[in-house]
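This is my_file_12.cif. It holds mmCIF, C-alpha atoms.
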```cif
data_data
#
loop_
_atom_site.label_atom_id
_atom_site.label_comp_id
_atom_site.auth_asym_id
_atom_site.auth_seq_id
_atom_site.Cartn_x
_atom_site.Cartn_y
_atom_site.Cartn_z
CA MET A 1398 52.19 -52.07 209.80
CA GLU A 1399 50.76 -48.73 210.92
CA TYR A 1400 52.61 -45.44 210.52
CA GLU A 1401 51.58 -42.13 212.08
CA VAL A 1402 50.77 -39.52 209.43
CA LYS A 1403 52.36 -36.79 211.56
CA ASP A 1404 55.65 -38.71 211.51
CA LEU A 1405 55.84 -39.10 207.72
CA ALA A 1406 58.81 -37.22 206.30
CA PRO A 1407 57.90 -35.01 203.30
CA GLU A 1408 59.34 -36.25 199.98
CA SER A 1409 60.03 -39.69 201.47
CA PHE A 1410 59.18 -43.04 199.88
CA PHE A 1411 57.98 -46.44 201.10
CA SER A 1412 59.39 -49.75 199.90
CA GLN A 1413 55.84 -51.10 199.49
CA THR A 1414 52.44 -49.66 198.64
CA VAL A 1415 50.82 -47.30 201.20
CA TYR A 1416 47.09 -47.56 202.01
CA LEU A 1417 44.44 -45.79 204.02
CA PRO A 1418 43.59 -47.59 207.30
CA ASP A 1419 40.66 -49.56 205.82
CA GLN A 1420 43.02 -50.94 203.10
CA ARG A 1421 40.50 -50.04 200.38
CA PHE A 1422 42.44 -47.20 198.84
CA VAL A 1423 46.02 -46.81 197.59
CA ILE A 1424 47.55 -43.44 198.39
CA ALA A 1425 51.15 -44.07 197.29
CA ALA A 1426 53.00 -46.66 195.24
CA PRO A 1427 56.71 -47.34 195.93
CA GLU A 1428 57.74 -44.93 193.17
CA MET A 1429 55.53 -42.13 194.59
CA ALA A 1430 56.89 -39.65 197.12
CA ILE A 1431 54.83 -38.78 200.20
CA THR A 1432 54.63 -35.02 199.63
CA ALA A 1433 53.92 -32.35 202.22
CA ALA A 1434 50.66 -31.54 200.41
CA MET A 1435 49.57 -35.18 200.53
CA LYS A 1436 50.42 -35.38 204.24
CA SER A 1437 48.43 -32.20 204.91
CA THR A 1438 45.44 -33.53 202.96
CA LEU A 1439 45.43 -36.81 204.92
CA GLN A 1440 45.42 -34.88 208.20
CA GLU A 1441 42.63 -32.59 207.01
CA TRP A 1442 40.57 -35.62 206.02
CA GLY A 1443 41.00 -36.95 209.58
CA PHE A 1444 43.39 -39.83 208.88
CA GLN A 1445 45.88 -40.26 211.73
CA THR A 1446 47.62 -43.39 210.39
CA VAL A 1447 48.41 -45.17 207.13
CA LEU A 1448 49.25 -48.81 206.46
CA SER A 1449 52.16 -50.34 204.58
CA GLU A 1450 53.96 -53.66 204.59
CA GLY A 1451 57.07 -51.80 203.53
CA GLU A 1452 59.43 -49.40 205.27
CA PRO A 1453 59.97 -45.64 204.86
CA ARG A 1454 62.98 -44.59 202.79
CA GLU A 1455 64.61 -41.32 201.81
CA ASP A 1456 64.87 -42.32 198.14
CA TYR A 1457 62.98 -44.54 195.72
CA SER A 1458 64.53 -47.97 195.23
CA PRO A 1459 62.70 -50.46 192.99
CA GLU A 1460 61.99 -53.82 194.60
CA GLU A 1461 63.43 -56.88 192.87
CA ILE A 1462 61.12 -59.63 191.72
CA PRO A 1463 61.64 -62.69 193.97
CA ALA A 1464 63.89 -65.44 192.66
CA GLY A 1465 62.04 -67.86 190.44
CA GLY A 1466 59.64 -65.15 189.27
CA SER A 1467 56.30 -64.19 190.63
CA ALA A 1468 53.66 -66.59 191.82
CA PRO A 1469 51.57 -68.03 188.99
CA ILE A 1470 48.46 -66.07 188.26
CA ALA A 1471 45.40 -67.90 187.06
CA PRO A 1472 43.94 -66.19 184.03
CA LYS A 1473 40.59 -64.55 184.76
CA GLU A 1474 37.59 -64.61 182.45
CA SER A 1475 38.00 -62.08 179.68
CA VAL A 1476 36.00 -58.87 179.69
CA ASP A 1477 32.67 -59.34 177.96
CA ALA A 1478 33.10 -57.78 174.53
CA GLU A 1479 29.39 -57.13 174.29
CA HIS A 1480 29.52 -54.94 177.40
CA LEU A 1481 32.34 -52.91 175.88
CA LYS A 1482 30.46 -52.51 172.59
CA LYS A 1483 27.37 -51.41 174.50
CA ALA A 1484 29.43 -48.82 176.41
CA GLU A 1485 30.94 -47.53 173.15
CA ALA A 1486 27.47 -47.21 171.63
CA LEU A 1487 26.18 -45.40 174.72
CA TYR A 1488 29.11 -42.98 174.64
CA MET A 1489 28.69 -42.24 170.92
CA ASN A 1490 24.90 -41.82 171.21
CA PHE A 1491 25.29 -39.42 174.11
CA GLN A 1492 27.98 -37.49 172.22
CA HIS A 1493 25.72 -37.18 169.17
CA TYR A 1494 22.89 -35.97 171.39
CA VAL A 1495 25.10 -33.29 172.96
CA GLU A 1496 26.26 -32.20 169.50
CA SER A 1497 22.66 -31.73 168.35
CA LEU A 1498 21.78 -30.01 171.63
CA PHE A 1499 24.60 -27.49 171.20
CA ALA A 1500 23.64 -26.88 167.57
CA GLN A 1501 20.09 -26.14 168.71
CA MET A 1502 21.23 -23.81 171.50
CA SER A 1503 23.60 -21.96 169.13
CA LEU A 1504 20.52 -20.99 167.15
CA ASN A 1505 18.85 -19.74 170.37
CA ASN A 1506 16.39 -22.63 170.34
CA PRO A 1507 15.66 -23.59 173.98
CA PRO A 1508 16.48 -27.17 174.98
CA GLN A 1509 13.71 -29.35 176.39
CA LEU A 1510 14.30 -30.00 180.11
CA ASN A 1511 12.31 -33.25 180.18
CA GLU A 1512 14.22 -34.61 177.19
CA MET A 1513 17.59 -33.72 178.76
CA ALA A 1514 16.54 -35.30 182.06
CA GLU A 1515 15.58 -38.54 180.29
CA LYS A 1516 18.96 -38.69 178.55
CA ILE A 1517 20.78 -38.14 181.84
CA LYS A 1518 18.59 -40.68 183.66
CA TYR A 1519 19.54 -43.30 181.07
CA LEU A 1520 23.21 -42.38 181.50
CA CYS A 1521 22.92 -42.56 185.32
CA ASP A 1522 21.37 -46.02 185.10
CA ALA A 1523 24.17 -47.23 182.83
CA ILE A 1524 26.84 -45.86 185.17
CA ARG A 1525 25.18 -47.45 188.21
CA ALA A 1526 24.95 -50.80 186.42
CA ASP A 1527 28.62 -50.97 185.47
CA ARG A 1528 30.83 -47.95 185.00
CA ARG A 1529 33.96 -50.05 184.26
CA TYR A 1530 33.43 -50.28 180.51
CA LEU A 1531 32.29 -46.68 180.15
CA LEU A 1532 35.45 -45.48 181.90
CA ARG A 1533 37.55 -47.51 179.47
CA VAL A 1534 35.71 -45.98 176.52
CA LEU A 1535 36.20 -42.57 178.11
CA ARG A 1536 39.94 -43.14 178.39
CA ASN A 1537 40.29 -44.42 174.82
CA ALA A 1538 38.08 -41.82 173.12
CA GLY A 1539 39.67 -40.13 170.12
CA PRO A 1540 41.60 -36.85 170.38
CA GLU A 1541 39.67 -33.62 170.73
CA THR A 1542 39.66 -31.30 167.72
CA GLU A 1543 38.50 -27.74 167.18
CA GLN A 1544 35.24 -29.16 165.84
CA ASN A 1545 34.43 -31.55 168.69
CA TYR A 1546 36.25 -30.04 171.67
CA LEU A 1547 33.19 -28.66 173.50
CA THR A 1548 31.16 -31.80 172.90
CA SER A 1549 33.93 -34.17 173.97
CA HIS A 1550 34.80 -32.13 177.06
CA THR A 1551 31.13 -31.94 178.03
CA VAL A 1552 30.45 -35.65 177.57
CA LYS A 1553 33.50 -36.75 179.56
CA SER A 1554 32.95 -34.18 182.32
CA THR A 1555 29.29 -35.14 182.65
CA ILE A 1556 30.10 -38.84 183.03
CA LEU A 1557 32.76 -38.07 185.65
CA ALA A 1558 30.43 -35.71 187.49
CA ILE A 1559 27.73 -38.40 187.68
CA ILE A 1560 30.27 -40.92 188.99
CA ILE A 1561 31.30 -38.44 191.70
CA GLY A 1562 27.68 -37.65 192.53
CA SER A 1563 26.89 -41.36 192.79
CA TYR A 1564 29.72 -41.83 195.29
CA LEU A 1565 28.39 -38.88 197.29
CA LYS A 1566 25.01 -40.68 197.30
CA LEU A 1567 22.98 -37.91 195.72
CA THR A 1568 19.35 -38.95 195.40
CA SER A 1569 18.22 -40.03 191.93
CA HIS A 1570 16.45 -36.71 191.38
CA ARG A 1571 19.47 -34.63 192.39
CA LEU A 1572 21.86 -36.82 190.40
CA ILE A 1573 19.79 -36.28 187.24
CA GLU A 1574 19.52 -32.57 187.99
CA MET A 1575 23.28 -32.29 188.48
CA GLY A 1576 23.88 -34.32 185.30
CA VAL A 1577 21.76 -31.90 183.29
CA ALA A 1578 23.70 -28.99 184.81
CA ALA A 1579 26.99 -30.69 183.87
CA MET A 1580 25.77 -31.18 180.31
CA LEU A 1581 25.02 -27.45 180.04
CA HIS A 1582 27.86 -25.97 182.10
CA GLU A 1583 29.90 -24.80 179.08
CA ALA A 1584 26.92 -23.15 177.33
CA GLY A 1585 28.75 -19.80 177.37
CA MET A 1586 31.47 -21.21 175.11
CA LEU A 1587 28.85 -21.46 172.35
CA ARG A 1588 28.94 -17.66 172.24
CA LEU A 1589 32.71 -17.60 171.58
CA GLN A 1590 34.67 -18.35 168.44
CA SER A 1591 36.46 -21.70 168.72
CA ARG A 1592 39.83 -20.07 167.91
CA VAL A 1593 39.66 -18.37 171.32
CA TYR A 1594 39.51 -21.52 173.46
CA MET A 1595 41.53 -23.68 171.05
CA ASN A 1596 44.36 -21.16 170.65
CA LYS A 1597 47.89 -22.61 170.77
CA ASP A 1598 49.42 -19.22 171.50
CA ALA A 1599 49.12 -16.73 174.34
CA LEU A 1600 45.72 -15.07 174.39
CA SER A 1601 45.35 -11.36 173.72
CA ARG A 1602 43.75 -9.20 176.41
CA ASP A 1603 40.43 -9.23 174.54
CA GLU A 1604 40.55 -13.02 174.19
CA GLN A 1605 41.28 -13.39 177.90
CA LYS A 1606 38.27 -11.21 178.70
CA ALA A 1607 36.14 -13.34 176.38
CA ILE A 1608 37.19 -16.56 178.15
CA LEU A 1609 36.54 -15.04 181.58
CA SER A 1610 33.10 -13.96 180.44
CA HIS A 1611 31.86 -17.40 179.35
CA PRO A 1612 30.31 -18.36 182.74
CA ILE A 1613 28.16 -15.21 182.68
CA LEU A 1614 27.29 -15.73 179.01
CA GLY A 1615 26.26 -19.30 179.75
CA PHE A 1616 24.20 -18.39 182.79
CA ASN A 1617 22.35 -15.68 180.87
CA MET A 1618 21.69 -18.01 177.96
CA LEU A 1619 20.28 -20.78 180.16
CA LYS A 1620 18.25 -18.28 182.15
CA SER A 1621 16.74 -16.96 178.92
CA PHE A 1622 15.60 -20.51 178.20
CA SER A 1623 13.65 -20.47 181.50
CA LEU A 1624 15.61 -23.39 182.93
CA PRO A 1625 15.57 -23.87 186.73
CA LEU A 1626 18.20 -22.13 188.85
CA SER A 1627 19.64 -25.46 190.01
CA VAL A 1628 20.62 -26.15 186.39
CA THR A 1629 21.78 -22.65 185.45
CA ILE A 1630 23.89 -21.79 188.52
CA PRO A 1631 26.70 -24.32 187.77
CA ALA A 1632 27.24 -22.63 184.39
CA LEU A 1633 28.01 -19.48 186.36
CA GLU A 1634 30.02 -21.10 189.16
CA HIS A 1635 32.04 -23.97 187.70
CA HIS A 1636 35.20 -21.82 187.64
CA GLU A 1637 34.76 -20.57 191.21
CA ARG A 1638 37.32 -21.96 193.66
CA GLU A 1639 37.22 -22.74 197.37
CA ASN A 1640 39.98 -20.22 198.10
CA GLY A 1641 38.14 -17.35 196.40
CA GLU A 1642 40.56 -17.15 193.47
CA GLY A 1643 38.12 -18.34 190.83
CA TYR A 1644 35.84 -16.34 188.56
CA PRO A 1645 33.57 -14.54 187.78
CA ARG A 1646 32.43 -13.67 191.34
CA ARG A 1647 35.38 -14.92 193.44
CA LEU A 1648 33.09 -16.96 195.68
CA THR A 1649 34.51 -19.03 198.53
CA GLY A 1650 33.68 -22.29 200.26
CA ASP A 1651 30.03 -22.84 201.14
CA LYS A 1652 28.95 -19.94 198.90
CA ILE A 1653 29.56 -22.26 195.93
CA SER A 1654 26.79 -24.78 195.15
CA LEU A 1655 27.50 -28.51 195.52
CA TYR A 1656 26.73 -29.17 191.85
CA SER A 1657 29.28 -26.50 190.88
CA LYS A 1658 31.92 -28.05 193.16
CA ILE A 1659 31.37 -31.50 191.62
CA ILE A 1660 31.45 -30.19 188.05
CA ALA A 1661 34.62 -28.16 188.80
CA VAL A 1662 36.52 -31.29 189.89
CA ALA A 1663 35.16 -33.38 187.01
CA CYS A 1664 36.13 -30.65 184.50
CA THR A 1665 39.59 -30.25 185.95
CA TYR A 1666 40.36 -33.97 185.89
CA GLU A 1667 39.05 -34.17 182.32
CA ALA A 1668 41.20 -31.20 181.30
CA LEU A 1669 44.30 -32.64 182.98
CA THR A 1670 43.97 -36.02 181.27
CA ASN A 1671 43.11 -34.89 177.72
CA ASN A 1672 45.15 -33.08 175.10
CA ARG A 1673 44.64 -29.39 174.44
CA PRO A 1674 46.31 -27.26 171.75
CA TYR A 1675 48.38 -25.55 174.44
CA LYS A 1676 49.31 -28.63 176.51
CA GLU A 1677 49.73 -32.38 176.37
CA ALA A 1678 47.53 -34.70 178.38
CA LYS A 1679 48.67 -36.28 181.63
CA ASP A 1680 47.86 -39.91 182.29
CA GLY A 1681 45.13 -40.70 184.80
CA PHE A 1682 47.70 -41.47 187.50
CA ALA A 1683 49.45 -38.09 187.18
CA GLY A 1684 46.13 -36.26 186.85
CA MET A 1685 44.86 -37.84 190.06
CA LEU A 1686 48.04 -36.86 191.90
CA ASP A 1687 47.62 -33.26 190.75
CA LEU A 1688 44.11 -33.14 192.15
CA LEU A 1689 45.18 -34.81 195.39
CA LYS A 1690 47.74 -32.06 195.93
CA ASN A 1691 44.91 -29.51 195.66
CA GLU A 1692 47.41 -26.69 195.49
CA GLY A 1693 46.07 -23.48 196.93
CA LYS A 1694 43.01 -25.34 198.22
CA GLN A 1695 41.09 -24.70 195.02
CA TYR A 1696 38.70 -27.63 195.25
CA ASP A 1697 36.41 -29.17 197.83
CA ASP A 1698 38.30 -31.99 199.58
CA THR A 1699 35.17 -34.13 199.91
CA VAL A 1700 34.57 -33.96 196.16
CA ILE A 1701 38.21 -34.77 195.37
CA ARG A 1702 38.01 -37.69 197.74
CA ALA A 1703 34.87 -38.93 195.97
CA LEU A 1704 36.66 -38.86 192.60
CA VAL A 1705 39.73 -40.63 193.95
CA PHE A 1706 37.72 -43.32 195.75
CA SER A 1707 35.63 -43.86 192.61
CA LEU A 1708 38.54 -44.14 190.14
CA SER A 1709 41.50 -44.98 192.44
CA ILE A 1710 45.08 -43.88 191.90
CA TYR A 1711 45.46 -46.14 188.84
CA PRO A 1712 42.12 -45.36 187.13
CA ILE A 1713 40.23 -47.88 185.01
CA GLY A 1714 41.34 -47.43 181.41
CA LEU A 1715 44.94 -46.55 182.31
CA TYR A 1716 47.69 -48.37 180.39
CA VAL A 1717 50.41 -49.71 182.67
CA LEU A 1718 53.74 -51.50 182.70
CA LEU A 1719 53.76 -54.63 184.87
CA SER A 1720 56.60 -56.09 186.90
CA ASN A 1721 56.89 -59.04 184.49
CA GLY A 1722 57.67 -56.62 181.64
CA LYS A 1723 54.23 -57.00 180.02
CA LYS A 1724 51.96 -54.11 179.09
CA GLY A 1725 48.32 -53.98 180.07
CA GLN A 1726 45.24 -51.88 180.73
CA VAL A 1727 43.48 -51.53 184.08
CA VAL A 1728 39.98 -52.90 183.52
CA ASP A 1729 38.51 -53.41 187.00
CA VAL A 1730 39.02 -53.47 190.73
CA ASN A 1731 39.52 -56.95 192.12
CA PRO A 1732 36.51 -57.53 194.41
CA GLU A 1733 38.40 -60.08 196.49
CA ASN A 1734 41.37 -57.79 197.06
CA PRO A 1735 40.58 -54.15 196.17
CA ARG A 1736 44.18 -53.10 196.73
CA TYR A 1737 45.27 -54.55 193.41
CA PRO A 1738 43.38 -53.91 190.14
CA MET A 1739 42.56 -56.33 187.38
CA VAL A 1740 44.74 -55.76 184.31
CA GLN A 1741 44.09 -56.97 180.78
CA LEU A 1742 47.35 -57.94 179.08
CA LEU A 1743 47.96 -56.39 175.67
CA GLY A 1744 48.64 -58.84 172.87
CA VAL A 1745 48.32 -61.91 175.13
CA LEU A 1746 45.54 -64.48 174.69
CA THR A 1747 44.47 -67.51 176.69
CA PRO A 1748 44.71 -70.95 175.00
CA ASP A 1749 41.06 -70.64 173.94
CA GLY A 1750 41.75 -67.30 172.22
CA LYS A 1751 40.31 -64.94 174.85
CA THR A 1752 42.01 -61.83 176.15
CA LYS A 1753 44.01 -62.54 179.28
CA ILE A 1754 43.12 -60.70 182.47
CA LEU A 1755 45.16 -61.11 185.63
CA GLU A 1756 44.89 -59.98 189.20
CA THR A 1757 47.86 -57.92 190.29
CA SER A 1758 49.18 -58.59 193.77
CA GLN A 1759 51.94 -57.54 196.12
CA GLY A 1760 53.58 -60.96 196.14
CA GLY A 1761 53.15 -61.54 192.44
CA ILE A 1762 52.81 -59.38 189.35
CA HIS A 1763 52.21 -55.73 190.15
CA ILE A 1764 52.01 -52.36 188.40
CA VAL A 1765 55.37 -50.63 188.00
CA ARG A 1766 54.20 -47.39 186.39
CA PRO A 1767 51.73 -45.93 183.89
CA LEU A 1768 52.59 -46.02 180.19
CA VAL A 1769 52.63 -43.07 177.82
CA ARG A 1770 50.95 -43.37 174.42
CA ASP A 1771 54.28 -43.71 172.58
CA GLU A 1772 55.01 -46.90 174.51
CA LEU A 1773 51.86 -48.68 173.35
CA GLY A 1774 53.05 -49.40 169.85
#
```

Before anything else, please render the file you have as structure tokens.
Amino acid sequence: MEYEVKDLAPESFFSQTVYLPDQRFVIAAPEMAITAAMKSTLQEWGFQTVLSEGEPREDYSPEEIPAGGSAPIAPKESVDAEHLKKAEALYMNFQHYVESLFAQMSLNNPPQLNEMAEKIKYLCDAIRADRRYLLRVLRNAGPETEQNYLTSHTVKSTILAIIIGSYLKLTSHRLIEMGVAAMLHEAGMLRLQSRVYMNKDALSRDEQKAILSHPILGFNMLKSFSLPLSVTIPALEHHERENGEGYPRRLTGDKISLYSKIIAVACTYEALTNNRPYKEAKDGFAGMLDLLKNEGKQYDDTVIRALVFSLSIYPIGLYVLLSNGKKGQVVDVNPENPRYPMVQLLGVLTPDGKTKILETSQGGIHIVRPLVRDELG
């Protein structure tokens, strides 16, 4: 059933999942309120209607599972373990490369552009081939420490930026160029002591100035290495915001380069969904909602939309609680019915000993909510 976006009451709920008109993208689950910010974003993106088989409600009320339980779900073929191992190896190899690259740059040794481009090209090809496993590895990567924070943040942000760029259909050359820029965007942090950006306490005035200076430090470093402007500019602009409240130059809108806009969204999502000394990580679901709100219009709506369409509201790698009480991990979109993801059950095997993957559905087993790490034990 269609509902007019203009008629949606802020902070209201629907009894069933809400979709965009083409039914390819979930914008609200039954436990999610339709906020004023979400309504405004839909209108700005040009959506006049949304679809739902449920009804609008003032408050959230969980739906009961039909009598007799949900419809039987045929187990799907388990995820190919070799693909997952390959993705883990790719992630670790890329992380080791970035570590060595940063060590080289810290000693003022210029990085080789052709070498970096080849590494990013290989990463782009792997993402195009099948990003599902890489996203799972990304989600399950170990916690960031003072020693590996910059590397881990860079690797994850670069992968996300390439996924966004792929959705935006950047040409191969521009995608590689943007990937190199993403890999180098935090170069200025190499000039700061790690205690500044890993501080658990409030920063002193001098430490705040140091943090605010890192885009300029990074730009100057990359420029001194004679790298092209297309690669150096995002180091300067990745903290600029659409509303002009970013830094260091308080640029607005179209004055910010596309690569910088993409890297800004990728960085923010990565920061929201990973632990920092001064904050706990949000799950992918909550992180996506934060970006969708786009409070203060900080980010480019087209870029946010690209991230959301690429990862969905329940991103691949997210651990979830299902309506049958089982726990699982989102491992793929169901190609036959994109509205409901494929979930691998935790601790459940098929009779032949393979991991059990099921297709969630509205009439059968469905996702109730994301799980926090403490619930996975």

A:Ile1560, A:Leu1768, A:Ala1500, A:Leu1587 ranked by distance to Leu1531 in chain A, top pick (using all atoms listed in the file): A:Ile1560

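For the pair CA of Pro1625 in chain A and CA of Ala1523 in chain A, the separation is 25.2 Å.
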
Output of the PyMOL selection byres ((chain A and resi 1399) around 7), listed as JSON, numbers by chain: {"A": [1398, 1400, 1401, 1446, 1447, 1448, 1449]}

Contact residues around Met1618 in chain A with all atoms listed in the file at 9 Å, ignoring same-chain residues under 4 positions, as a PDB file with C-alpha atoms, keeping the file's coordinate frame:
```pdb
ATOM      1  CA  MET A1502      21.230 -23.810 171.500  1.00  0.00           C
ATOM      2  CA  ASN A1505      18.850 -19.740 170.370  1.00  0.00           C
ATOM      3  CA  ALA A1584      26.920 -23.150 177.330  1.00  0.00           C
ATOM      4  CA  GLY A1585      28.750 -19.800 177.370  1.00  0.00           C
ATOM      5  CA  ILE A1613      28.160 -15.210 182.680  1.00  0.00           C
ATOM      6  CA  LEU A1614      27.290 -15.730 179.010  1.00  0.00           C
ATOM      7  CA  PHE A1622      15.600 -20.510 178.200  1.00  0.00           C
ATOM      8  CA  THR A1629      21.780 -22.650 185.450  1.00  0.00           C
TER       9      THR A1629
END
```

Matched chain/residue IDs from the PyMOL selection byres ((chain A and resi 1654) around 10), as a list in words: Ser1627, Ile1630, Pro1631, Glu1634, His1635, Glu1637, Gly1650, Asp1651, Lys1652, Ile1653, Leu1655, Tyr1656, Ser1657, Lys1658 and Ile1659 of chain A

Distance criterion (all atoms listed in the file): nearest to Glu1639 in chain A out of A:Glu1692, A:Glu1583, A:Glu1677, A:Asp1598: A:Glu1692

Residue neighbourhood range 1705-1720 of chain A, 8 Å, only C-alpha atoms, exclusion window fewer than 6 positions, as a ChimeraX atom specification: /A:1422-1424,1462,1529,1532-1537,1560-1561,1564,1680-1682,1685-1686,1726-1729,1762-1769

Residue members of the PyMOL selection byres ((chain A and resi 1744) around 9) in the file shown, as a list of chain:residue names: A:Lys1724, A:Gly1725, A:Leu1742, A:Leu1743, A:Val1745, A:Leu1746, A:Thr1752, A:Lys1753

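Closest approach to His1550 in chain A among A:Asn1721, A:Ser1412, A:Thr1438, A:Asn1671: A:Asn1671, based on only C-alpha atoms.
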
Selected residue of minimal separation from Phe1491 in chain A among A:Ile1556, A:Ala1433, A:Leu1417, A:Ala1526, counting only C-alpha atoms: A:Ile1556

Two-atom distance - CA of Ser1610 in chain A, CA of His1636 in chain A (Å): 10.9 Å

Between CA of Ser1549 in chain A and CA of Met1575 in chain A, distance in Å (one decimal):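 CA of Met1575 in chain A lies 18.1 Å from CA of Ser1549 in chain A.
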
Proximity to Phe1410 in chain A - best of A:Leu1439, A:Ala1578, A:Ala1430, A:Met1513, all atoms listed in the file: A:Ala1430

Which residue of A:Ile1517, A:Leu1589, A:Leu1557, A:Leu1567 approaches Tyr1666 in chain A most closely, using only C-alpha atoms: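 Smallest distance to Tyr1666 in chain A is found for A:Leu1557.
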
Distance query Glu1450 in chain A at most 8 Å, only C-alpha atoms, self and fewer than 5 positions along chain excluded, as a list in words: Met1398, Gln1413, Thr1414 and Val1415 of chain A

Residue contacts of Gln1492 in chain A (8 Å, all atoms listed in the file) excluding same-chain residues fewer than 4 positions away, as an MDAnalysis selection string: chainID A and resid 1488 1496 1548:1549 1552

Show which residues sit within 10 Å of Thr1649 in chain A, as a PDB file with C-alpha atoms, in the frame of the given file. Count only C-alpha atoms, and ignore same-chain residues fewer than 5 positions away.
```
ATOM      1  CA  GLU A1637      34.760 -20.570 191.210  1.00  0.00           C
ATOM      2  CA  ARG A1638      37.320 -21.960 193.660  1.00  0.00           C
ATOM      3  CA  GLU A1639      37.220 -22.740 197.370  1.00  0.00           C
ATOM      4  CA  ASN A1640      39.980 -20.220 198.100  1.00  0.00           C
ATOM      5  CA  GLY A1641      38.140 -17.350 196.400  1.00  0.00           C
ATOM      6  CA  GLU A1642      40.560 -17.150 193.470  1.00  0.00           C
ATOM      7  CA  GLY A1643      38.120 -18.340 190.830  1.00  0.00           C
ATOM      8  CA  GLN A1695      41.090 -24.700 195.020  1.00  0.00           C
TER       9      GLN A1695
END
```
